[in-house]
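Structure file structure-v2.cif (mmCIF, C-alpha atoms; chains and numbers go by the auth columns) is printed below.
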```cif
data_input
loop_
_atom_site.group_PDB
_atom_site.id
_atom_site.type_symbol
_atom_site.label_atom_id
_atom_site.label_comp_id
_atom_site.label_asym_id
_atom_site.label_seq_id
_atom_site.Cartn_x
_atom_site.Cartn_y
_atom_site.Cartn_z
_atom_site.B_iso_or_equiv
_atom_site.auth_seq_id
_atom_site.auth_asym_id
ATOM 1 C CA MET A 1 0.000 0.000 0.000 0.00 997 A
ATOM 2 C CA ILE A 2 1.027 3.595 -0.558 0.00 998 A
ATOM 3 C CA THR A 3 -0.300 6.857 0.897 0.00 999 A
ATOM 4 C CA ILE A 4 -1.688 9.609 -1.343 0.00 1000 A
ATOM 5 C CA LEU A 5 -1.930 13.180 -0.035 0.00 1001 A
ATOM 6 C CA GLY A 6 -4.860 15.192 -1.391 0.00 1002 A
ATOM 7 C CA PHE A 7 -5.002 18.974 -1.239 0.00 1003 A
ATOM 8 C CA GLY A 8 -7.468 20.032 -3.970 0.00 1004 A
ATOM 9 C CA SER A 9 -10.092 17.821 -5.574 0.00 1005 A
ATOM 10 C CA LEU A 10 -8.858 14.931 -3.444 0.00 1006 A
ATOM 11 C CA LEU A 11 -10.096 16.709 -0.329 0.00 1007 A
ATOM 12 C CA SER A 12 -13.389 15.116 -1.367 0.00 1008 A
ATOM 13 C CA GLU A 13 -13.689 11.409 -0.622 0.00 1009 A
ATOM 14 C CA ARG A 14 -16.350 11.078 -3.311 0.00 1010 A
ATOM 15 C CA SER A 15 -14.071 12.680 -5.885 0.00 1011 A
ATOM 16 C CA SER A 16 -11.100 10.635 -4.695 0.00 1012 A
ATOM 17 C CA ARG A 17 -13.048 7.435 -5.217 0.00 1013 A
ATOM 18 C CA THR A 18 -13.709 8.321 -8.866 0.00 1014 A
ATOM 19 C CA THR A 19 -9.953 7.865 -9.382 0.00 1015 A
ATOM 20 C CA PHE A 20 -9.168 5.444 -6.541 0.00 1016 A
ATOM 21 C CA PRO A 21 -12.341 3.392 -5.941 0.00 1017 A
ATOM 22 C CA GLU A 22 -10.585 0.989 -3.566 0.00 1018 A
ATOM 23 C CA LEU A 23 -8.929 3.622 -1.371 0.00 1019 A
ATOM 24 C CA GLN A 24 -8.700 2.968 2.368 0.00 1020 A
ATOM 25 C CA ASN A 25 -8.558 5.024 5.563 0.00 1021 A
ATOM 26 C CA PHE A 26 -9.552 8.471 4.247 0.00 1022 A
ATOM 27 C CA ARG A 27 -8.469 10.980 6.910 0.00 1023 A
ATOM 28 C CA LEU A 28 -6.862 14.360 7.625 0.00 1024 A
ATOM 29 C CA ALA A 29 -3.154 15.092 7.726 0.00 1025 A
ATOM 30 C CA ARG A 30 -0.760 18.046 7.588 0.00 1026 A
ATOM 31 C CA VAL A 31 1.852 18.753 4.929 0.00 1027 A
ATOM 32 C CA PRO A 32 5.048 20.242 6.398 0.00 1028 A
ATOM 33 C CA ASN A 33 5.741 23.963 6.596 0.00 1029 A
ATOM 34 C CA ASN A 34 8.100 24.108 3.622 0.00 1030 A
ATOM 35 C CA TYR A 35 5.232 23.482 1.176 0.00 1031 A
ATOM 36 C CA ARG A 36 2.661 26.019 0.011 0.00 1032 A
ATOM 37 C CA ARG A 37 -0.676 25.316 -1.719 0.00 1033 A
ATOM 38 C CA VAL A 38 -1.142 27.657 -4.684 0.00 1034 A
ATOM 39 C CA PHE A 39 -3.307 28.208 -7.769 0.00 1035 A
ATOM 40 C CA ALA A 40 -0.402 28.863 -10.129 0.00 1036 A
ATOM 41 C CA HIS A 41 -0.641 26.735 -13.268 0.00 1037 A
ATOM 42 C CA ALA A 42 -2.885 25.929 -16.199 0.00 1038 A
ATOM 43 C CA THR A 43 -4.163 22.413 -16.806 0.00 1039 A
ATOM 44 C CA ALA A 44 -5.597 21.000 -20.007 0.00 1040 A
ATOM 45 C CA PRO A 45 -8.596 19.106 -18.504 0.00 1041 A
ATOM 46 C CA PHE A 46 -10.266 22.376 -17.492 0.00 1042 A
ATOM 47 C CA PHE A 47 -10.257 23.409 -21.141 0.00 1043 A
ATOM 48 C CA HIS A 48 -11.257 19.983 -22.428 0.00 1044 A
ATOM 49 C CA HIS A 49 -14.299 19.961 -20.125 0.00 1045 A
ATOM 50 C CA GLY A 50 -15.275 23.551 -20.891 0.00 1046 A
ATOM 51 C CA ILE A 51 -14.908 24.905 -17.349 0.00 1047 A
ATOM 52 C CA ALA A 52 -11.873 27.160 -17.901 0.00 1048 A
ATOM 53 C CA LEU A 53 -12.705 30.831 -18.483 0.00 1049 A
ATOM 54 C CA PRO A 54 -9.732 32.276 -20.392 0.00 1050 A
ATOM 55 C CA GLY A 55 -11.507 35.579 -20.995 0.00 1051 A
ATOM 56 C CA SER A 56 -11.280 36.390 -17.271 0.00 1052 A
ATOM 57 C CA ASN A 57 -8.103 34.346 -16.684 0.00 1053 A
ATOM 58 C CA GLU A 58 -10.020 31.906 -14.452 0.00 1054 A
ATOM 59 C CA ILE A 59 -8.083 28.863 -15.571 0.00 1055 A
ATOM 60 C CA ALA A 60 -5.713 27.923 -12.738 0.00 1056 A
ATOM 61 C CA SER A 61 -5.415 24.647 -10.893 0.00 1057 A
ATOM 62 C CA LEU A 62 -3.684 23.764 -7.630 0.00 1058 A
ATOM 63 C CA SER A 63 -0.250 22.460 -6.850 0.00 1059 A
ATOM 64 C CA ALA A 64 1.985 22.269 -3.818 0.00 1060 A
ATOM 65 C CA GLU A 65 5.230 24.169 -4.183 0.00 1061 A
ATOM 66 C CA LEU A 66 8.423 23.828 -2.193 0.00 1062 A
ATOM 67 C CA VAL A 67 9.375 27.154 -0.590 0.00 1063 A
ATOM 68 C CA GLU A 68 12.649 28.286 0.925 0.00 1064 A
ATOM 69 C CA GLU A 69 11.089 30.262 3.726 0.00 1065 A
ATOM 70 C CA GLU A 70 9.208 28.290 6.353 0.00 1066 A
ATOM 71 C CA GLY A 71 5.490 28.873 6.084 0.00 1067 A
ATOM 72 C CA ARG A 72 2.473 27.261 7.668 0.00 1068 A
ATOM 73 C CA GLY A 73 2.110 24.134 5.585 0.00 1069 A
ATOM 74 C CA PHE A 74 -1.493 23.086 5.108 0.00 1070 A
ATOM 75 C CA ILE A 75 -4.107 20.522 6.045 0.00 1071 A
ATOM 76 C CA CYS A 76 -4.650 17.802 3.451 0.00 1072 A
ATOM 77 C CA THR A 77 -6.276 14.405 3.231 0.00 1073 A
ATOM 78 C CA ALA A 78 -4.397 11.134 3.316 0.00 1074 A
ATOM 79 C CA PHE A 79 -5.483 7.703 2.170 0.00 1075 A
ATOM 80 C CA GLU A 80 -3.963 4.406 1.152 0.00 1076 A
ATOM 81 C CA VAL A 81 -4.174 2.705 -2.223 0.00 1077 A
ATOM 82 C CA ASP A 82 -2.650 -0.403 -3.713 0.00 1078 A
ATOM 83 C CA SER A 83 0.785 0.540 -5.003 0.00 1079 A
ATOM 84 C CA THR A 84 0.686 -1.963 -7.880 0.00 1080 A
ATOM 85 C CA ASP A 85 -0.176 0.548 -10.593 0.00 1081 A
ATOM 86 C CA MET A 86 1.261 3.572 -8.767 0.00 1082 A
ATOM 87 C CA LEU A 87 4.940 2.781 -8.449 0.00 1083 A
ATOM 88 C CA GLU A 88 7.534 0.836 -10.394 0.00 1084 A
ATOM 89 C CA ASN A 89 10.771 0.171 -8.527 0.00 1085 A
ATOM 90 C CA GLY A 90 10.020 3.001 -6.131 0.00 1086 A
ATOM 91 C CA VAL A 91 9.280 5.670 -8.759 0.00 1087 A
ATOM 92 C CA PRO A 92 5.906 6.790 -10.204 0.00 1088 A
ATOM 93 C CA SER A 93 4.579 4.348 -12.787 0.00 1089 A
ATOM 94 C CA GLN A 94 3.716 5.394 -16.325 0.00 1090 A
ATOM 95 C CA ALA A 95 0.029 4.934 -15.555 0.00 1091 A
ATOM 96 C CA PHE A 96 0.228 7.289 -12.576 0.00 1092 A
ATOM 97 C CA LEU A 97 2.238 9.852 -14.540 0.00 1093 A
ATOM 98 C CA GLU A 98 -0.408 9.838 -17.261 0.00 1094 A
ATOM 99 C CA ARG A 99 -3.070 10.695 -14.688 0.00 1095 A
ATOM 100 C CA GLU A 100 -1.033 13.625 -13.312 0.00 1096 A
ATOM 101 C CA LYS A 101 0.782 14.781 -16.424 0.00 1097 A
ATOM 102 C CA GLU A 102 1.899 18.264 -15.451 0.00 1098 A
ATOM 103 C CA PHE A 103 3.168 17.585 -11.919 0.00 1099 A
ATOM 104 C CA GLU A 104 6.394 16.572 -10.269 0.00 1100 A
ATOM 105 C CA ILE A 105 5.350 13.626 -8.102 0.00 1101 A
ATOM 106 C CA VAL A 106 7.387 13.369 -4.919 0.00 1102 A
ATOM 107 C CA MET A 107 7.388 11.542 -1.620 0.00 1103 A
ATOM 108 C CA VAL A 108 7.142 13.896 1.373 0.00 1104 A
ATOM 109 C CA PRO A 109 6.741 13.490 5.125 0.00 1105 A
ATOM 110 C CA PHE A 110 3.331 14.246 6.594 0.00 1106 A
ATOM 111 C CA TYR A 111 1.765 14.392 10.037 0.00 1107 A
ATOM 112 C CA ASP A 112 -1.278 12.166 10.524 0.00 1108 A
ATOM 113 C CA LEU A 113 -3.921 14.074 12.508 0.00 1109 A
ATOM 114 C CA GLN A 114 -5.673 10.807 13.355 0.00 1110 A
ATOM 115 C CA THR A 115 -2.731 9.011 14.942 0.00 1111 A
ATOM 116 C CA GLY A 116 -0.324 11.851 15.678 0.00 1112 A
ATOM 117 C CA LYS A 117 2.411 9.980 13.844 0.00 1113 A
ATOM 118 C CA GLU A 118 4.666 11.100 11.008 0.00 1114 A
ATOM 119 C CA SER A 119 4.874 9.069 7.820 0.00 1115 A
ATOM 120 C CA ASN A 120 5.545 9.554 4.101 0.00 1116 A
ATOM 121 C CA GLY A 121 3.094 10.078 1.257 0.00 1117 A
ATOM 122 C CA ILE A 122 2.905 11.030 -2.413 0.00 1118 A
ATOM 123 C CA LEU A 123 2.324 14.698 -3.211 0.00 1119 A
ATOM 124 C CA CYS A 124 1.751 16.349 -6.616 0.00 1120 A
ATOM 125 C CA THR A 125 4.068 19.347 -6.673 0.00 1121 A
ATOM 126 C CA GLN A 126 5.015 22.233 -8.921 0.00 1122 A
ATOM 127 C CA SER A 127 6.995 21.304 -12.009 0.00 1123 A
ATOM 128 C CA THR A 128 8.252 23.168 -15.099 0.00 1124 A
ATOM 129 C CA ASP A 129 7.305 23.449 -18.751 0.00 1125 A
ATOM 130 C CA GLU A 130 10.698 21.984 -19.608 0.00 1126 A
ATOM 131 C CA ALA A 131 10.024 18.850 -17.553 0.00 1127 A
ATOM 132 C CA TYR A 132 6.639 18.463 -19.279 0.00 1128 A
ATOM 133 C CA PHE A 133 8.262 18.803 -22.725 0.00 1129 A
ATOM 134 C CA LYS A 134 10.924 16.264 -21.810 0.00 1130 A
ATOM 135 C CA ARG A 135 8.388 13.707 -20.608 0.00 1131 A
ATOM 136 C CA TRP A 136 5.589 14.216 -23.151 0.00 1132 A
ATOM 137 C CA GLY A 137 7.077 16.264 -26.005 0.00 1133 A
ATOM 138 C CA LYS A 138 6.344 19.744 -27.337 0.00 1134 A
ATOM 139 C CA GLU A 139 3.992 18.352 -29.975 0.00 1135 A
ATOM 140 C CA TYR A 140 1.816 16.862 -27.257 0.00 1136 A
ATOM 141 C CA PHE A 141 1.819 20.187 -25.411 0.00 1137 A
ATOM 142 C CA GLU A 142 0.660 21.961 -28.573 0.00 1138 A
ATOM 143 C CA LYS A 143 -2.080 19.376 -29.053 0.00 1139 A
ATOM 144 C CA GLU A 144 -3.324 19.748 -25.472 0.00 1140 A
ATOM 145 C CA TYR A 145 -2.940 23.496 -24.945 0.00 1141 A
ATOM 146 C CA GLY A 146 -2.398 25.123 -28.336 0.00 1142 A
ATOM 147 C CA PRO A 147 -6.074 25.174 -29.432 0.00 1143 A
ATOM 148 C CA TYR A 148 -6.878 27.292 -26.369 0.00 1144 A
ATOM 149 C CA GLY A 149 -4.094 29.836 -26.871 0.00 1145 A
ATOM 150 C CA ILE A 150 -2.206 28.685 -23.770 0.00 1146 A
ATOM 151 C CA GLN A 151 1.546 29.059 -24.186 0.00 1147 A
ATOM 152 C CA THR A 152 2.713 27.853 -20.798 0.00 1148 A
ATOM 153 C CA ILE A 153 1.688 25.551 -17.974 0.00 1149 A
ATOM 154 C CA TRP A 154 3.961 26.788 -15.207 0.00 1150 A
ATOM 155 C CA ASN A 155 5.556 30.078 -16.277 0.00 1151 A
ATOM 156 C CA TRP A 156 2.939 32.428 -14.828 0.00 1152 A
ATOM 157 C CA ASP A 157 4.547 35.221 -12.853 0.00 1153 A
ATOM 158 C CA LYS A 158 3.127 36.897 -9.776 0.00 1154 A
ATOM 159 C CA ASP A 159 1.760 39.771 -11.857 0.00 1155 A
ATOM 160 C CA SER A 160 -0.004 37.551 -14.408 0.00 1156 A
ATOM 161 C CA ASP A 161 -3.473 37.998 -12.862 0.00 1157 A
ATOM 162 C CA LEU A 162 -3.937 34.238 -13.104 0.00 1158 A
ATOM 163 C CA LYS A 163 -7.091 33.217 -11.225 0.00 1159 A
ATOM 164 C CA PRO A 164 -8.509 29.874 -10.091 0.00 1160 A
ATOM 165 C CA CYS A 165 -10.918 28.005 -12.338 0.00 1161 A
ATOM 166 C CA ALA A 166 -14.220 28.855 -10.645 0.00 1162 A
ATOM 167 C CA VAL A 167 -15.853 25.421 -10.925 0.00 1163 A
ATOM 168 C CA TYR A 168 -12.743 23.749 -9.539 0.00 1164 A
ATOM 169 C CA LEU A 169 -12.312 26.266 -6.715 0.00 1165 A
ATOM 170 C CA ARG A 170 -15.956 25.828 -5.702 0.00 1166 A
ATOM 171 C CA HIS A 171 -15.443 22.066 -5.637 0.00 1167 A
ATOM 172 C CA CYS A 172 -12.305 22.307 -3.498 0.00 1168 A
ATOM 173 C CA THR A 173 -13.950 24.775 -1.112 0.00 1169 A
ATOM 174 C CA LEU A 174 -16.996 22.559 -0.571 0.00 1170 A
ATOM 175 C CA ALA A 175 -14.789 19.488 -0.206 0.00 1171 A
ATOM 176 C CA ALA A 176 -12.654 21.210 2.427 0.00 1172 A
ATOM 177 C CA GLN A 177 -15.768 22.382 4.270 0.00 1173 A
ATOM 178 C CA SER A 178 -17.150 18.848 4.323 0.00 1174 A
ATOM 179 C CA MET A 179 -13.984 17.652 6.100 0.00 1175 A
ATOM 180 C CA GLY A 180 -14.541 19.899 9.109 0.00 1176 A
ATOM 181 C CA GLU A 181 -13.437 23.266 10.449 0.00 1177 A
ATOM 182 C CA ILE A 182 -9.698 22.614 10.625 0.00 1178 A
ATOM 183 C CA CYS A 183 -9.548 21.542 6.981 0.00 1179 A
ATOM 184 C CA TYR A 184 -11.863 24.321 5.809 0.00 1180 A
ATOM 185 C CA THR A 185 -9.959 27.040 7.655 0.00 1181 A
ATOM 186 C CA SER A 186 -6.650 25.778 6.295 0.00 1182 A
ATOM 187 C CA PHE A 187 -7.976 25.769 2.753 0.00 1183 A
ATOM 188 C CA LEU A 188 -9.200 29.345 3.075 0.00 1184 A
ATOM 189 C CA ASP A 189 -6.113 30.727 4.821 0.00 1185 A
ATOM 190 C CA ASP A 190 -3.273 28.468 3.625 0.00 1186 A
ATOM 191 C CA THR A 191 -4.082 28.504 -0.096 0.00 1187 A
ATOM 192 C CA TYR A 192 -2.897 31.306 -2.345 0.00 1188 A
ATOM 193 C CA LEU A 193 -3.379 32.796 -5.782 0.00 1189 A
ATOM 194 C CA ALA A 194 -0.439 32.998 -8.178 0.00 1190 A
ATOM 195 C CA ASP A 195 0.628 36.274 -6.568 0.00 1191 A
ATOM 196 C CA ARG A 196 1.492 34.201 -3.441 0.00 1192 A
ATOM 197 C CA THR A 197 -0.144 36.941 -1.345 0.00 1193 A
ATOM 198 C CA THR A 198 -3.914 36.750 -1.864 0.00 1194 A
ATOM 199 C CA THR A 199 -5.533 33.991 0.175 0.00 1195 A
ATOM 200 C CA ILE A 200 -8.517 32.025 -1.043 0.00 1196 A
ATOM 201 C CA ARG A 201 -10.543 33.472 1.842 0.00 1197 A
ATOM 202 C CA SER A 202 -9.908 36.967 0.511 0.00 1198 A
ATOM 203 C CA TYR A 203 -10.491 35.942 -3.107 0.00 1199 A
ATOM 204 C CA LEU A 204 -13.849 34.325 -2.338 0.00 1200 A
ATOM 205 C CA GLU A 205 -14.988 37.367 -0.380 0.00 1201 A
ATOM 206 C CA GLN A 206 -14.244 39.530 -3.420 0.00 1202 A
ATOM 207 C CA ASN A 207 -15.619 37.057 -5.987 0.00 1203 A
ATOM 208 C CA PRO A 208 -18.925 35.581 -4.744 0.00 1204 A
ATOM 209 C CA HIS A 209 -19.714 34.256 -8.236 0.00 1205 A
ATOM 210 C CA VAL A 210 -17.302 31.392 -7.612 0.00 1206 A
ATOM 211 C CA MET A 211 -19.672 29.543 -5.288 0.00 1207 A
ATOM 212 C CA GLU A 212 -22.380 29.706 -7.962 0.00 1208 A
ATOM 213 C CA ALA A 213 -20.144 28.081 -10.594 0.00 1209 A
ATOM 214 C CA LYS A 214 -21.555 24.566 -10.673 0.00 1210 A
ATOM 215 C CA PRO A 215 -20.017 21.871 -12.872 0.00 1211 A
ATOM 216 C CA PRO A 216 -21.788 20.338 -15.854 0.00 1212 A
ATOM 217 C CA PRO A 217 -23.907 17.297 -14.833 0.00 1213 A
ATOM 218 C CA ALA A 218 -21.356 14.895 -16.291 0.00 1214 A
ATOM 219 C CA LEU A 219 -18.711 16.260 -13.899 0.00 1215 A
ATOM 220 C CA GLU A 220 -20.853 16.423 -10.771 0.00 1216 A
ATOM 221 C CA GLY A 221 -19.244 13.353 -9.210 0.00 1217 A
ATOM 222 C CA ARG A 222 -15.715 14.540 -9.887 0.00 1218 A
ATOM 223 C CA TRP A 223 -15.987 18.283 -9.247 0.00 1219 A
ATOM 224 C CA GLY A 224 -19.270 18.739 -7.403 0.00 1220 A
ATOM 225 C CA GLY A 225 -17.895 19.267 -3.918 0.00 1221 A
#
```
Written as structure tokens, how would this file's structure read?
Amino acid sequence: MITILGFGSLLSERSSRTTFPELQNFRLARVPNNYRRVFAHATAPFFHHGIALPGSNEIASLSAELVEEEGRGFICTAFEVDSTDMLENGVPSQAFLEREKEFEIVMVPFYDLQTGKESNGILCTQSTDEAYFKRWGKEYFEKEYGPYGIQTIWNWDKDSDLKPCAVYLRHCTLAAQSMGEICYTSFLDDTYLADRTTTIRSYLEQNPHVMEAKPPPALEGRWGG
């Protein structure tokens, strides 16, 4: 078995089970203080499913990024899955990489809020365009992102005005809320926009339309909260 750490859509057990139907022991944990949760990259599925809003720059998804300064970390979920199709000789399998194409998948320590013990789990972290090109090729990038006018996955600077995809942010917010106050508060206060300054709490207060952005019926199970 191997532990997966969820910090966005995987805060929802229902959503997690759409990808990992046999998951076990869904619970809360904390990622260490040298990681920050941030809406700072574009992802092709939001465009494929018609929920990205490029006109208003509401296209961003979540990642965890390693930071030099010590921050607050964040509350996540943790659960176990069979490692058979997840790892090959201790590294992410091709099947797992294909599910999480744009990320750097790493093993990090985490603190289990249920047991009080520290262990290690898999976390999807910030990567680079260059790493994506190396793994999948520039032609594949153009096929996935080119039709939508997106020229980069990860190279969005702090002044880019990149905003979260509304449907996805609503889903993550509801999922965090369903996991209790400690998880909900952490999501609101320990999650940032691409400027690394604006918290999700502040963004939601200024953008109430987000919580009205429901997913299409076909995506209700995956991104419905």
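Listed by chain and then by number, the residues chosen by the PyMOL selection byres ((chain A and resi 1017-1029) around 7) in this file are Arg1013, Thr1014, Thr1015, Phe1016, Asn1030, Tyr1031, Glu1066, Gly1067, Arg1068, Gly1069, Phe1070, Ile1071, Cys1072, Thr1073, Ala1074, Phe1075, Glu1076, Val1077, Phe1106, Tyr1107, Asp1108, Leu1109 and Gln1110 of chain A.
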**OP:** Would you mind telling me which residue in A:Leu1007, A:Met997, A:Ile1047, A:Ala1127 lies nearest to A:Ser1182 when using all atoms listed in the file?
**Re:** A:Leu1007
Subject >> Residue contacts of A:Phe1042 (9 Å, only C-alpha atoms) excluding same-chain residues fewer than 6 positions away, as a PyMOL selection string >> reply: chain A and resi 1048-1049+1055-1057+1161+1164
Original post:
What lies within 8 Å of A:His1037 using only C-alpha atoms, ignoring chain neighbours under 4 positions off, as an MDAnalysis selection string?
Top reply: chainID A and resid 1056:1059 1149:1152
Neighbouring residues of A:Arg1033 were defined as those with any atom within 7 Å, considering all atoms listed in the file; residues of the same chain fewer than 6 positions away were excluded. Please report them as an mmCIF file with C-alpha atoms, in the coordinates of the input.
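So selection_21.cif came out as:
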```
data_model
loop_
_atom_site.group_PDB
_atom_site.id
_atom_site.type_symbol
_atom_site.label_atom_id
_atom_site.label_comp_id
_atom_site.auth_asym_id
_atom_site.auth_seq_id
_atom_site.Cartn_x
_atom_site.Cartn_y
_atom_site.Cartn_z
ATOM 1 C CA LEU A 1058 -3.684 23.764 -7.630
ATOM 2 C CA SER A 1059 -0.250 22.460 -6.850
ATOM 3 C CA ALA A 1060 1.985 22.269 -3.818
ATOM 4 C CA GLU A 1061 5.230 24.169 -4.183
ATOM 5 C CA ASP A 1186 -3.273 28.468 3.625
ATOM 6 C CA THR A 1187 -4.082 28.504 -0.096
ATOM 7 C CA TYR A 1188 -2.897 31.306 -2.345
#
```
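As for atom CA of A:Thr1121 and atom CA of A:Val1102, they are spaced 7.1 Å apart.
Minimum atom-to-atom distance to A:Glu1208, evaluated using all atoms listed in the file, belongs to A:Val1163 out of A:Ile1000, A:Val1063, A:Val1163, A:Met1103.
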Subject >> A:Arg1197 environment, 12 Å, all atoms listed in the file, sequence neighbours closer than 3 positions dropped, as a ChimeraX atom specification >> reply: /A:1165,1169,1180-1189,1193-1194,1200-1204,1206
Original post:
Between atom CA of A:Phe1099 and atom CA of A:Cys1179, what is the distance, to one decimal in Å?
Top reply: 23.1 Å
Provide an axis-aligned box for all listed atoms of stretch 1035-1042 of chain A, padding each side by 3 Å; report its centre and its edge lengths in Å to one decimal, as AutoDock Vina command-line options.
```
--center_x -5.3 --center_y 24.0 --center_z -13.9 --size_x 15.9 --size_y 15.8 --size_z 18.2
```
Original post:
Nearest to A:Thr1195: which of A:Glu1098, A:Lys1159, A:Pro1041, A:Cys1120 is it, counting all atoms listed in the file?
Top reply: A:Lys1159
